[in-house]
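Take a look at the structure below.
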Amino acid sequence: GDVRQIAMSDIDAAIQISGYRETESEKISDTVVEIPALRPSVTPLSEGTSALQAAVVTIKVEGGGHGSGFFISRDGYLVTNQHVVGDNKFVTIKLTTGRQMPGEVLRSHKARDVALVKVNEAAMNALPLQLEPPDVAAEVYAVGTPKDEKYSTTITKGIVSAYRTENDLKLIQSDAAIHGGSSGGAMVDRFGNVVAVSVSGVTVTADKTGSSINFFIPIADALKFLAVELVRQEVA
């Protein structure tokens, strides 16, 4: 018989007995996280940005370094980039008020570069999500904490420049400026509804100064890769 086949079946049998399993790469828990869909905003950002800025946070990790994130539910679920949280199980979430709280990294997807974080708090400011992708040339705004924590709540404006595909993954290209530290922040439409997650930019200098070519993960894709589902609220 085939020696390799016997060896493999022996290994399989041993695995069955021990219950050992290799951890599957890029496997998100089968459990879907359901969060209530927030009512879309219809108030233009030109009439006020405080609600938008309050929902975007700075995420700090052990050993220094920071990124951005934003609340997608009032009970404390946040979205950011996987490269912001890295392998950390816990991170520090800093609100625009300066208040800090621990956040637990519930799940992440390295290839799609998204992560889901939870804080043990209620009544957080959260952003409505617009799952329909914006049109090319639509006006968009990026919100985050570029460069340094003192620049939290920075808002930049641009348009959707194009849709791109990298490694079979969709990206929105925009000239809305982002810089090191903006990663994981929100890209919103002109009403403050999230359309994408900031992820990377084409840098033009060694100190990561941004350019007009920046990339964002469509929010519907981010949710799909994190197994998060929006649950429509019954309207009374």
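Ordering of the structure tokens sets the chain letters (A, B, ...), residue numbers begin anew at 1 in every chain, and ligands are numbered from 1 in the order given.
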Distance query A:Lys94 at most 12 Å, only C-alpha atoms, self and fewer than 2 positions along chain excluded, as a ChimeraX atom specification:
/A:54-61,66-71,91-92,96-103,119,144-145,149-150,152-153
Extract, using only C-alpha atoms, all DNA, RNA and protein residues at most 10 Å from stretch 34-44 of chain A, discarding same-chain residues fewer than 4 positions from it, and format them as an MDAnalysis selection string.
chainID A and resid 48:49 72:75 77 126:130 189:194 227:233
Closest of A:Gly86, A:Pro133, A:Gly63, A:Gly201 to A:Tyr163 - atom-to-atom distances counting only C-alpha atoms
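Closest residue, counting only C-alpha atoms: A:Pro133.
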